[in-house]
Each structure stands twice: as C-alpha cells, then as structure tokens.
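S.K.: So that we are looking at the same thing, I have put the structure below in structure tokens.
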Protein chains: 2
Amino acid sequence: MVLRLSHRIIRDARATSHLFLAARALGADGVIYTGQRDRTIEATIHEVTKAWGGHFDVTYQPKAAGVLKEWKTGGGDLIHLSMYGLPLQNVVDAIRTSPADKLIVVGGAKVPRLVYDEADWNVAVTSQPHSEISAVSLFLHELFRGQELSKPFEDAELTIMPQVRGKKILRRSGSGGGRDTRHDGSV
Amino acid sequence: MVLRLSHRIIRDARATSHLFLAARALGADGVIYTGQRDRTIEATIHEVTKAWGGHFDVTYQPKAAGVLKEWKTGGGDLIHLSMYGLPLQNVVDAIRTSPADKLIVVGGAKVPRLVYDEADWNVAVTSQPHSEISAVSLFLHELFRGQELSKPFEDAELTIMPQVRGKKILRRSGSGGGRDTRHDGSV
C-alpha cells in the first residue's frame with residue numbers, strides 16, 4: 001500500500017494521478033491519501049482499474065497521523081521515501097525480508113517530522129531531488145525484484161498485445177459481463 | 001539523453017519537471033523537449049544542477065521530427081517508451097548491448113506515428129497505463145543495472161549525508177567558488 005501525504009486538488013492533480021497509476025501498474029495493492037479529498041482522481045483510478053483489470057483500492061483519510069498509527073498497531077512496516085534517508089540499494093534486501101505488510105509513504109510539500117520518526121525505514125532513492133513518482137516506482141521494482149513487470153491484471157476489459165511497432169489492444173466483447181475468446185487474460 | 005515530446009507550459013509544468021529531475025537523478029546526461037518552450041522549467045533544472053552537482057543539459061527543439069532525424073543520422077539509437085511496445089524485461093539486454101548513444105523518447109499527449117516507425121525499439125514498461133516519469137525511471141534503472149543509484153554528482157553545493165532519521169545536508173562554504181573540507185564530494 002502507498003500513502004500519499006497532503007494532496008492538493010489543483011496543484012497536485014496530475015502528479016498524484018501519475019503516482020497512483022504507477023503504484024497500480026507496479027504491483028501495489030492500493031493507495032491511501034491525505035490532504036484534500038479529490039473525487040475526480042478517485043473516479044479516474046477506478047475507471048482505469050475497471051478497464052485495465054486487477055484490484056486496486058483508493059482510500060481517503062483526513063489525517064496522516066491516524067493512518068500511521070493504525071498501520072503500526074496492525075503490525076505493518078512503515079517505509080518513508082525521502083532523499084534524506086538510507087540508500088535504497090543498501091536497505092531493500094532487509095526490507096524485503098520482513099513479512100509484514102508494507103506502507104510506503106511519500107510527501108507532500110512538507111513532510112511532518114512525525115513521519116521520519118515513526119518510519120521503520122527512511123529510504124532514499126538517490127540522494128538527489130527528483131520525483132515521488134520515480135521514487136515509488138523504483139522502490140516497488142526493487143522490492144518485487146522486477147517480477148511486477150509481468151504481473152497479470154485479471155478481468156481486464158482492455159489488454160495490450162505488445163508490438164514491435166504500433167498499437168494493438170484486445171477489447172473484451174460485452175465488457176462488464178461477457179467473455180471473448182480473443183481475450184486471453186494475460187498481459 | 002531523454003526526449004520529451006509536446007510539452008505544454010501550464011498543463012505539463014510539474015510532470016515535465018518531475019520527468020527532467022528523474023532523468024537527471026537516474027543518470028541521463030540531459031533532456032531535449034519539444035512543444036512549447038518553457039524557460040521556467042529550464043531555469044529550475046539549471047538551478048537544481050548548480051546546487052546538486054553534475055552536468056545536465058536541457059535543450060529546446062521546436063520539431064520532434066528534426067530531433068529524431070538528426071539523432072539517427074548521428075548513428076544513435078532511438079528508444080520510444082510506450083505501453084504498446086515490447087516488454088522492457090525482454091529487450092533491455094539487447095538495448096544495453098548496443099554501444100550507440102541512446103535517445104529515450106516519451107510523449108506527449110498524442111505521439112505521432114513517425115515516432116513508432118523511426119524508433120529502433122518501442123519499449124513497454126508494463127502494458128498498463130501509468131506515467132512517463134515512472135517509465136523513464138525504470139528504463140534508466142534497468143539500462144544502468146542499478147549502478148545509477150550510486151552515481152556521484154561532481155561540484156555540488158549541497159550534498160546529503162544519508163540518515164536513519166531526519167535530514168543532514170552538507171553545504172559547501174562560499175558556494176560558487178570556495179571549498180569546504182566538510183564537503184567530500186560523494187553522495
């Protein structure tokens with residue numbers, strides 16, 4: 001699960017959408033976000049999941065502190081991605097070893113000190129300024145050892161057949177109910 | 001080098017900034033972009049590079065077709081990232097084997113057919129919709145086999161010392177000229 005802190009409806013709309021879609025595509029099972037509630041983004045992510053398959057939850061919570069506390073009480077690991085933390089390549093093996101459910105936390109304009117303190121791991125995906133979208137993507141890729149790249153997405157209405165050039169999309173006929181033999185369910 | 005197609009000043013400002021910063025952090029030597037010229041983004045990237053070190057070029061070109069043609073004439077490889085292409089994990093070894101300079105192309109609202117046709121490789125970082133920021137990051141990470149995560153950035157004014165918790169930034173005294181023994185140049 002990925003936690004996005006302090007979403008702002010207008011300023012962050014596209015960055016948060018990209019973040020959620022990247023989390024979904026790279027194997028996270030859902031996202032939680034705090035800040036301003038944004039029903040447009042929620043609808044977008046639900047539509048993408050309906051069309052492209054799999055299961056992916058989007059949950060709004062008003063307060064980050066509550067989410068962190070509940071996660072830790074439930075025995076989960078908190079992983080905060082920040083350019084100030086320990087290098088990904090040095091810690092990812094240890095993180096992967098823990099069997100606990102993982103909450104991957106990213107800012108947010110200004111991340112409260114609480115997040116650094118409560119995190120089981122503060123992890124830097126490089127110590128350079130870049131993007132929480134990139135950081136989450138690389139973290140998931142390393143966590144899953146690249147296996148996420150071939151993750152199947154069940155019950156997709158749309159499935160791409162990889163091509164050397166151009167585009168090929170298989171569309172399940174009667175989407176929402178029927179089945180089509182052209183659709184083989186694999187991606 | 002990363003080529004960003006069809007930048008739009010207002011709508012794409014943050015996504016393009018994230019893309020350029022991720023490309024820089026993950027070892028690309030520069031970016032070219034088409035669409036609308038955006039001097040604000042150029043200034044931002046130059047400021048980040050000045051502060052955080054290394055070399056990174058940002059170049060505007062009005063026409064994608066000209067960039068592609070020039071790149072191919074110069075003997076470089078064109079790699080177009082698109083959800084419709086061949087899976088990254090199946091082709092990255094072959095791409096890495098080629099010694100030619102690489103231009104990694106990402107859209108852009110609508111990518112012209114020309115890009116698919118001219119590309120030496122159309123590569124899918126998953127066949128799911130997500131983010132060009134994520135796609136470029138994962139592509140670079142695989143291309144460089146993760147070595148980019150420990151890339152040094154020379155002549156930085158600011159350098160982070162990775163911490164278990166909290167933030168530690170080393171600032172070179174008299175930035176722009178002087179040297180400080182606290183600054184060891186490594187990241």
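Each chain of the structure tokens is named A, B, ... in the order shown, its residues numbered from 1; ligands are numbered from 1 in display order.
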Please provide the set of residues having any atom within 12 Å of Gln128 of chain B, restricted to only C-alpha atoms, with same-chain residues fewer than 3 positions apart removed, written as a short mmCIF file (atom, residue, chain, number, x, y, z; two decimals) with all heavy atoms, in the first residue's frame.

M.R.:
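Saved result, part15.cif, follows:
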```cif
data_model
loop_
_atom_site.label_atom_id
_atom_site.label_comp_id
_atom_site.auth_asym_id
_atom_site.auth_seq_id
_atom_site.Cartn_x
_atom_site.Cartn_y
_atom_site.Cartn_z
N LEU A 21 -1.30 5.72 -10.53
CA LEU A 21 -1.26 4.80 -11.67
C LEU A 21 0.04 4.00 -11.69
O LEU A 21 0.04 2.79 -11.99
CB LEU A 21 -1.43 5.56 -12.99
CG LEU A 21 -2.82 6.16 -13.20
CD1 LEU A 21 -2.84 7.01 -14.47
CD2 LEU A 21 -3.90 5.08 -13.28
N ALA A 22 1.13 4.65 -11.33
CA ALA A 22 2.42 3.94 -11.28
C ALA A 22 2.38 2.89 -10.17
O ALA A 22 2.84 1.76 -10.36
CB ALA A 22 3.56 4.92 -11.07
N ALA A 23 1.82 3.26 -9.02
CA ALA A 23 1.72 2.30 -7.91
C ALA A 23 0.91 1.08 -8.35
O ALA A 23 1.29 -0.07 -8.09
CB ALA A 23 1.08 2.97 -6.70
N ARG A 24 -0.20 1.34 -9.02
CA ARG A 24 -1.04 0.24 -9.52
C ARG A 24 -0.29 -0.63 -10.53
O ARG A 24 -0.26 -1.86 -10.43
CB ARG A 24 -2.32 0.81 -10.16
CG ARG A 24 -3.17 -0.25 -10.83
CD ARG A 24 -4.37 0.33 -11.56
NE ARG A 24 -4.97 -0.73 -12.37
CZ ARG A 24 -4.52 -1.09 -13.57
NH1 ARG A 24 -3.48 -0.46 -14.12
NH2 ARG A 24 -5.11 -2.08 -14.21
N ALA A 25 0.32 0.02 -11.52
CA ALA A 25 0.98 -0.73 -12.59
C ALA A 25 2.14 -1.57 -12.06
O ALA A 25 2.46 -2.61 -12.63
CB ALA A 25 1.48 0.22 -13.67
N LEU A 26 2.74 -1.12 -10.96
CA LEU A 26 3.96 -1.77 -10.46
C LEU A 26 3.70 -2.61 -9.23
O LEU A 26 4.61 -2.91 -8.46
CB LEU A 26 5.05 -0.72 -10.24
CG LEU A 26 5.41 0.01 -11.54
CD1 LEU A 26 6.28 1.22 -11.27
CD2 LEU A 26 6.07 -0.92 -12.54
N GLY A 27 2.44 -3.00 -9.04
CA GLY A 27 2.18 -4.07 -8.10
C GLY A 27 1.70 -3.71 -6.72
O GLY A 27 1.44 -4.61 -5.91
N VAL A 48 -9.74 3.40 -14.55
CA VAL A 48 -8.57 2.71 -15.12
C VAL A 48 -8.55 1.25 -14.65
O VAL A 48 -8.31 0.33 -15.44
CB VAL A 48 -7.26 3.42 -14.72
CG1 VAL A 48 -6.05 2.54 -15.01
CG2 VAL A 48 -7.14 4.75 -15.45
N THR A 49 -8.84 1.04 -13.37
CA THR A 49 -8.81 -0.33 -12.84
C THR A 49 -9.91 -1.18 -13.48
O THR A 49 -9.69 -2.35 -13.82
CB THR A 49 -8.95 -0.31 -11.31
OG1 THR A 49 -7.86 0.45 -10.77
CG2 THR A 49 -8.91 -1.71 -10.72
N ALA A 51 -11.15 -0.78 -16.46
CA ALA A 51 -10.81 -1.05 -17.86
C ALA A 51 -9.61 -2.00 -18.00
O ALA A 51 -9.61 -2.89 -18.84
CB ALA A 51 -10.51 0.26 -18.57
N TRP A 52 -8.62 -1.79 -17.14
CA TRP A 52 -7.33 -2.49 -17.35
C TRP A 52 -7.10 -3.63 -16.37
O TRP A 52 -6.07 -4.29 -16.42
CB TRP A 52 -6.18 -1.48 -17.29
CG TRP A 52 -6.23 -0.51 -18.43
CD1 TRP A 52 -6.79 0.74 -18.43
CD2 TRP A 52 -5.73 -0.71 -19.76
NE1 TRP A 52 -6.66 1.32 -19.67
CE2 TRP A 52 -6.01 0.45 -20.51
CE3 TRP A 52 -5.07 -1.77 -20.39
CZ2 TRP A 52 -5.65 0.58 -21.85
CZ3 TRP A 52 -4.70 -1.63 -21.73
CH2 TRP A 52 -5.00 -0.47 -22.45
N GLY A 53 -8.07 -3.85 -15.47
CA GLY A 53 -8.06 -5.08 -14.69
C GLY A 53 -7.39 -5.01 -13.33
O GLY A 53 -6.85 -3.98 -12.92
N GLY A 54 -7.45 -6.13 -12.64
CA GLY A 54 -6.85 -6.25 -11.31
C GLY A 54 -7.68 -5.56 -10.25
O GLY A 54 -8.79 -5.08 -10.50
N GLU A 148 7.19 -7.57 -10.80
CA GLU A 148 5.97 -6.81 -11.01
C GLU A 148 5.76 -6.44 -12.48
O GLU A 148 4.63 -6.15 -12.89
CB GLU A 148 5.98 -5.54 -10.14
CG GLU A 148 6.75 -4.34 -10.72
CD GLU A 148 8.25 -4.57 -10.78
OE1 GLU A 148 8.73 -5.50 -10.11
OE2 GLU A 148 8.94 -3.80 -11.48
N LEU A 149 6.85 -6.44 -13.25
CA LEU A 149 6.73 -6.04 -14.66
C LEU A 149 5.89 -7.03 -15.46
O LEU A 149 5.34 -6.68 -16.49
CB LEU A 149 8.12 -5.90 -15.31
CG LEU A 149 8.99 -4.76 -14.79
CD1 LEU A 149 10.34 -4.77 -15.49
CD2 LEU A 149 8.31 -3.40 -14.99
N SER A 150 5.81 -8.26 -14.98
CA SER A 150 4.97 -9.23 -15.70
C SER A 150 3.75 -9.65 -14.88
O SER A 150 3.17 -10.72 -15.10
CB SER A 150 5.81 -10.43 -16.13
OG SER A 150 6.78 -10.76 -15.18
N LYS A 151 3.34 -8.81 -13.95
CA LYS A 151 2.15 -9.10 -13.15
C LYS A 151 0.89 -9.16 -14.03
O LYS A 151 0.66 -8.26 -14.84
CB LYS A 151 1.98 -7.98 -12.10
CG LYS A 151 0.69 -8.09 -11.30
CD LYS A 151 0.49 -6.89 -10.35
CE LYS A 151 -0.91 -6.95 -9.75
NZ LYS A 151 -1.12 -5.92 -8.71
N PRO A 152 0.07 -10.20 -13.88
CA PRO A 152 -1.19 -10.22 -14.63
C PRO A 152 -2.25 -9.34 -13.96
O PRO A 152 -2.26 -9.18 -12.73
CB PRO A 152 -1.61 -11.70 -14.57
CG PRO A 152 -0.95 -12.23 -13.34
CD PRO A 152 0.28 -11.41 -13.09
N PHE A 153 -3.12 -8.76 -14.75
CA PHE A 153 -4.24 -7.95 -14.25
C PHE A 153 -5.54 -8.64 -14.67
O PHE A 153 -5.91 -8.61 -15.85
CB PHE A 153 -4.15 -6.52 -14.78
CG PHE A 153 -3.06 -5.72 -14.14
CD1 PHE A 153 -1.74 -5.87 -14.52
CD2 PHE A 153 -3.36 -4.81 -13.12
CE1 PHE A 153 -0.72 -5.14 -13.90
CE2 PHE A 153 -2.35 -4.08 -12.50
CZ PHE A 153 -1.03 -4.24 -12.90
N ALA A 156 -9.58 -7.81 -17.12
CA ALA A 156 -9.43 -6.55 -17.85
C ALA A 156 -10.40 -6.49 -19.02
O ALA A 156 -10.66 -7.50 -19.69
CB ALA A 156 -8.00 -6.42 -18.36
N LEU A 158 -9.65 -4.24 -21.35
CA LEU A 158 -8.66 -3.92 -22.38
C LEU A 158 -7.34 -4.59 -22.05
O LEU A 158 -6.90 -4.57 -20.90
CB LEU A 158 -8.45 -2.40 -22.44
CG LEU A 158 -9.69 -1.55 -22.67
CD1 LEU A 158 -9.34 -0.06 -22.55
CD2 LEU A 158 -10.28 -1.85 -24.05
N THR A 159 -6.74 -5.18 -23.06
CA THR A 159 -5.43 -5.82 -22.88
C THR A 159 -4.57 -5.50 -24.08
O THR A 159 -5.02 -5.60 -25.22
CB THR A 159 -5.59 -7.36 -22.77
OG1 THR A 159 -6.51 -7.67 -21.73
CG2 THR A 159 -4.26 -8.02 -22.47
N ILE A 160 -3.34 -5.11 -23.83
CA ILE A 160 -2.43 -4.78 -24.92
C ILE A 160 -1.65 -6.01 -25.34
O ILE A 160 -1.17 -6.77 -24.49
CB ILE A 160 -1.48 -3.64 -24.48
CG1 ILE A 160 -2.27 -2.32 -24.47
CG2 ILE A 160 -0.25 -3.56 -25.37
CD1 ILE A 160 -1.53 -1.17 -23.89
N MET A 161 -1.55 -6.20 -26.62
CA MET A 161 -0.64 -7.20 -27.17
C MET A 161 0.62 -6.48 -27.61
O MET A 161 0.58 -5.68 -28.55
CB MET A 161 -1.27 -7.89 -28.39
CG MET A 161 -2.52 -8.69 -28.06
SD MET A 161 -2.19 -10.04 -26.90
CE MET A 161 -1.21 -11.14 -27.93
N PRO A 162 1.73 -6.71 -26.94
CA PRO A 162 2.96 -5.97 -27.24
C PRO A 162 3.36 -6.10 -28.71
O PRO A 162 3.28 -7.19 -29.29
CB PRO A 162 3.99 -6.64 -26.32
CG PRO A 162 3.19 -7.18 -25.18
CD PRO A 162 1.91 -7.63 -25.80
N ILE A 169 -4.67 -3.39 -29.22
CA ILE A 169 -5.44 -3.54 -27.99
C ILE A 169 -6.53 -4.57 -28.22
O ILE A 169 -7.27 -4.49 -29.20
CB ILE A 169 -6.12 -2.22 -27.57
CG1 ILE A 169 -5.08 -1.10 -27.42
CG2 ILE A 169 -6.89 -2.39 -26.27
CD1 ILE A 169 -5.68 0.23 -26.97
N SER A 186 -3.92 -12.55 -20.24
CA SER A 186 -2.54 -12.28 -19.87
C SER A 186 -2.09 -10.94 -20.41
O SER A 186 -2.65 -10.43 -21.38
CB SER A 186 -1.63 -13.37 -20.43
OG SER A 186 -1.65 -13.33 -21.84
N VAL A 187 -1.12 -10.34 -19.75
CA VAL A 187 -0.61 -9.04 -20.18
C VAL A 187 0.90 -9.15 -20.38
O VAL A 187 1.59 -9.61 -19.51
CB VAL A 187 -0.92 -7.95 -19.14
CG1 VAL A 187 -0.27 -6.63 -19.57
CG2 VAL A 187 -2.41 -7.76 -18.99
N SER B 82 6.51 3.28 -24.57
CA SER B 82 5.08 3.31 -24.83
C SER B 82 4.49 2.03 -24.29
O SER B 82 5.10 0.97 -24.38
CB SER B 82 4.85 3.40 -26.35
OG SER B 82 3.77 2.59 -26.75
N MET B 83 3.30 2.10 -23.75
CA MET B 83 2.67 0.90 -23.20
C MET B 83 2.36 -0.14 -24.27
O MET B 83 2.01 -1.27 -23.95
CB MET B 83 1.41 1.26 -22.42
CG MET B 83 0.29 1.81 -23.28
SD MET B 83 -1.08 2.56 -22.31
CE MET B 83 -1.88 1.14 -21.60
N TYR B 84 2.49 0.23 -25.54
CA TYR B 84 2.16 -0.68 -26.64
C TYR B 84 3.36 -1.48 -27.15
O TYR B 84 3.21 -2.35 -27.99
CB TYR B 84 1.56 0.11 -27.81
CG TYR B 84 0.33 0.89 -27.41
CD1 TYR B 84 0.38 2.26 -27.18
CD2 TYR B 84 -0.89 0.24 -27.25
CE1 TYR B 84 -0.75 2.97 -26.80
CE2 TYR B 84 -2.02 0.94 -26.87
CZ TYR B 84 -1.94 2.31 -26.64
OH TYR B 84 -3.06 2.99 -26.27
N GLY B 85 4.54 -1.14 -26.65
CA GLY B 85 5.75 -1.75 -27.18
C GLY B 85 6.08 -3.11 -26.57
O GLY B 85 5.25 -3.74 -25.91
N PRO B 87 7.93 -5.73 -24.01
CA PRO B 87 8.22 -5.61 -22.58
C PRO B 87 9.69 -5.29 -22.28
O PRO B 87 10.59 -5.95 -22.81
CB PRO B 87 7.85 -6.99 -22.04
CG PRO B 87 6.83 -7.52 -23.00
CD PRO B 87 7.26 -7.00 -24.35
N ALA B 124 7.79 -1.20 -23.73
CA ALA B 124 6.72 -1.03 -22.74
C ALA B 124 7.24 -1.34 -21.34
O ALA B 124 7.76 -2.43 -21.10
CB ALA B 124 5.56 -1.97 -23.06
N VAL B 125 7.11 -0.36 -20.46
CA VAL B 125 7.43 -0.58 -19.05
C VAL B 125 6.10 -0.94 -18.39
O VAL B 125 5.38 -0.08 -17.87
CB VAL B 125 8.06 0.69 -18.44
CG1 VAL B 125 8.40 0.45 -16.97
CG2 VAL B 125 9.32 1.07 -19.21
N SER B 131 2.79 6.31 -16.06
CA SER B 131 3.41 7.63 -16.06
C SER B 131 4.71 7.58 -16.83
O SER B 131 5.51 6.66 -16.66
CB SER B 131 3.70 8.03 -14.61
OG SER B 131 4.53 9.17 -14.57
N GLU B 132 4.94 8.58 -17.66
CA GLU B 132 6.22 8.64 -18.37
C GLU B 132 7.38 8.85 -17.39
O GLU B 132 8.52 8.49 -17.68
CB GLU B 132 6.20 9.73 -19.44
CG GLU B 132 6.06 11.16 -18.96
CD GLU B 132 4.60 11.58 -18.77
OE1 GLU B 132 3.72 10.70 -18.68
OE2 GLU B 132 4.35 12.80 -18.70
N SER B 134 7.62 7.46 -14.39
CA SER B 134 7.91 6.12 -13.93
C SER B 134 8.59 5.29 -15.01
O SER B 134 9.58 4.58 -14.76
CB SER B 134 6.58 5.47 -13.51
OG SER B 134 6.73 4.12 -13.26
N ALA B 135 8.11 5.40 -16.23
CA ALA B 135 8.66 4.60 -17.33
C ALA B 135 10.13 4.95 -17.59
O ALA B 135 10.98 4.07 -17.72
CB ALA B 135 7.83 4.81 -18.60
#
```

S.K.: Which residues are close to Glu118 of chain B, i.e. within 8 Å by only C-alpha atoms, leaving aside same-chain residues fewer than 2 positions away? Reply as a list of chain:residue names.

M.R.: B:Leu68, B:Leu78, B:Leu114, B:Val115, B:Tyr116, B:Asp120

S.K.: List as number ranges by chain the protein and nucleic acid residues near Ile95 of chain B, meaning an atom at most 9 Å away when only C-alpha atoms are counted, but skip any in the same chain fewer than 3 places from it.

M.R.: B: 77, 79, 91-92, 98-99, 121, 143

S.K.: Just the number, please: distance in Å from atom CA of Gly35 of chain A to atom CA of Pro112 of chain A, one decimal.

M.R.: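 Spanning atom CA of Gly35 of chain A to atom CA of Pro112 of chain A is a straight-line distance of 12.8 Å.
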
S.K.: From the DSSP assignment of the backbone, select every residue of segment 32-163 of chain B that is helix (DSSP H, G or I), and format the answer as an MDAnalysis selection string.

M.R.: chainID B and resid 39:52 64:73 88:97 113:118 132:143 147:150

S.K.: For Val105 of chain B, find every residue with an atom within 8 Å (counting only C-alpha atoms), except residues of its own chain fewer than 4 positions away, and show them as a tab-separated table (two decimals) with C-alpha atoms, in the first residue's frame.

M.R.:
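Output file out.tsv follows:
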```tsv
chain	number	residue	atom	x	y	z
B	2	VAL	CA	15.75	11.86	-22.90
B	3	LEU	CA	13.37	13.49	-25.39
B	4	ARG	CA	10.07	14.78	-24.02
B	5	LEU	CA	7.50	15.40	-26.76
B	78	LEU	CA	16.07	5.71	-30.72
B	79	ILE	CA	14.12	4.09	-27.90
B	80	HIS	CA	10.47	5.00	-27.62
B	81	LEU	CA	8.73	4.19	-24.34
```

S.K.: Please list as a ChimeraX atom specification every residue within 8 Å of Phe56 of chain B, counting only C-alpha atoms and excluding residues in the same chain fewer than 4 positions away.

M.R.: /B:24,28-31,46,49

S.K.: Which residue, A:Trp71, A:Tyr33, A:Tyr60, A:Phe139, has the smallest gap to chain B when you use only C-alpha atoms?

M.R.: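 Using only C-alpha atoms, chain B sits closest to A:Phe139.
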
S.K.: Smallest atom-to-atom distance to Ser6 of chain A: which of A:Val123, A:Ile45, A:Ile32, A:Ile133, using only C-alpha atoms?

M.R.: A:Ile32

S.K.: What is the distance between atom CA of Ile104 of chain B and atom CA of Glu157 of chain B, in Å to one decimal?

M.R.: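 Answer for the atom CA of Ile104 of chain B to atom CA of Glu157 of chain B separation: 29.0 Å.
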
S.K.: Extract, using only C-alpha atoms, all DNA, RNA and protein residues at most 10 Å from Glu142 of chain A, discarding same-chain residues fewer than 6 positions from it, and format them as a PyMOL selection string.

M.R.: (chain A and resi 88-89+92-93+96+136+148) or (chain B and resi 146)

S.K.: Could you work out how far atom CA of Val106 of chain A lies from atom CA of Lys69 of chain A, giving the answer in Å with one decimal?

M.R.: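 It comes out at 16.0 Å.
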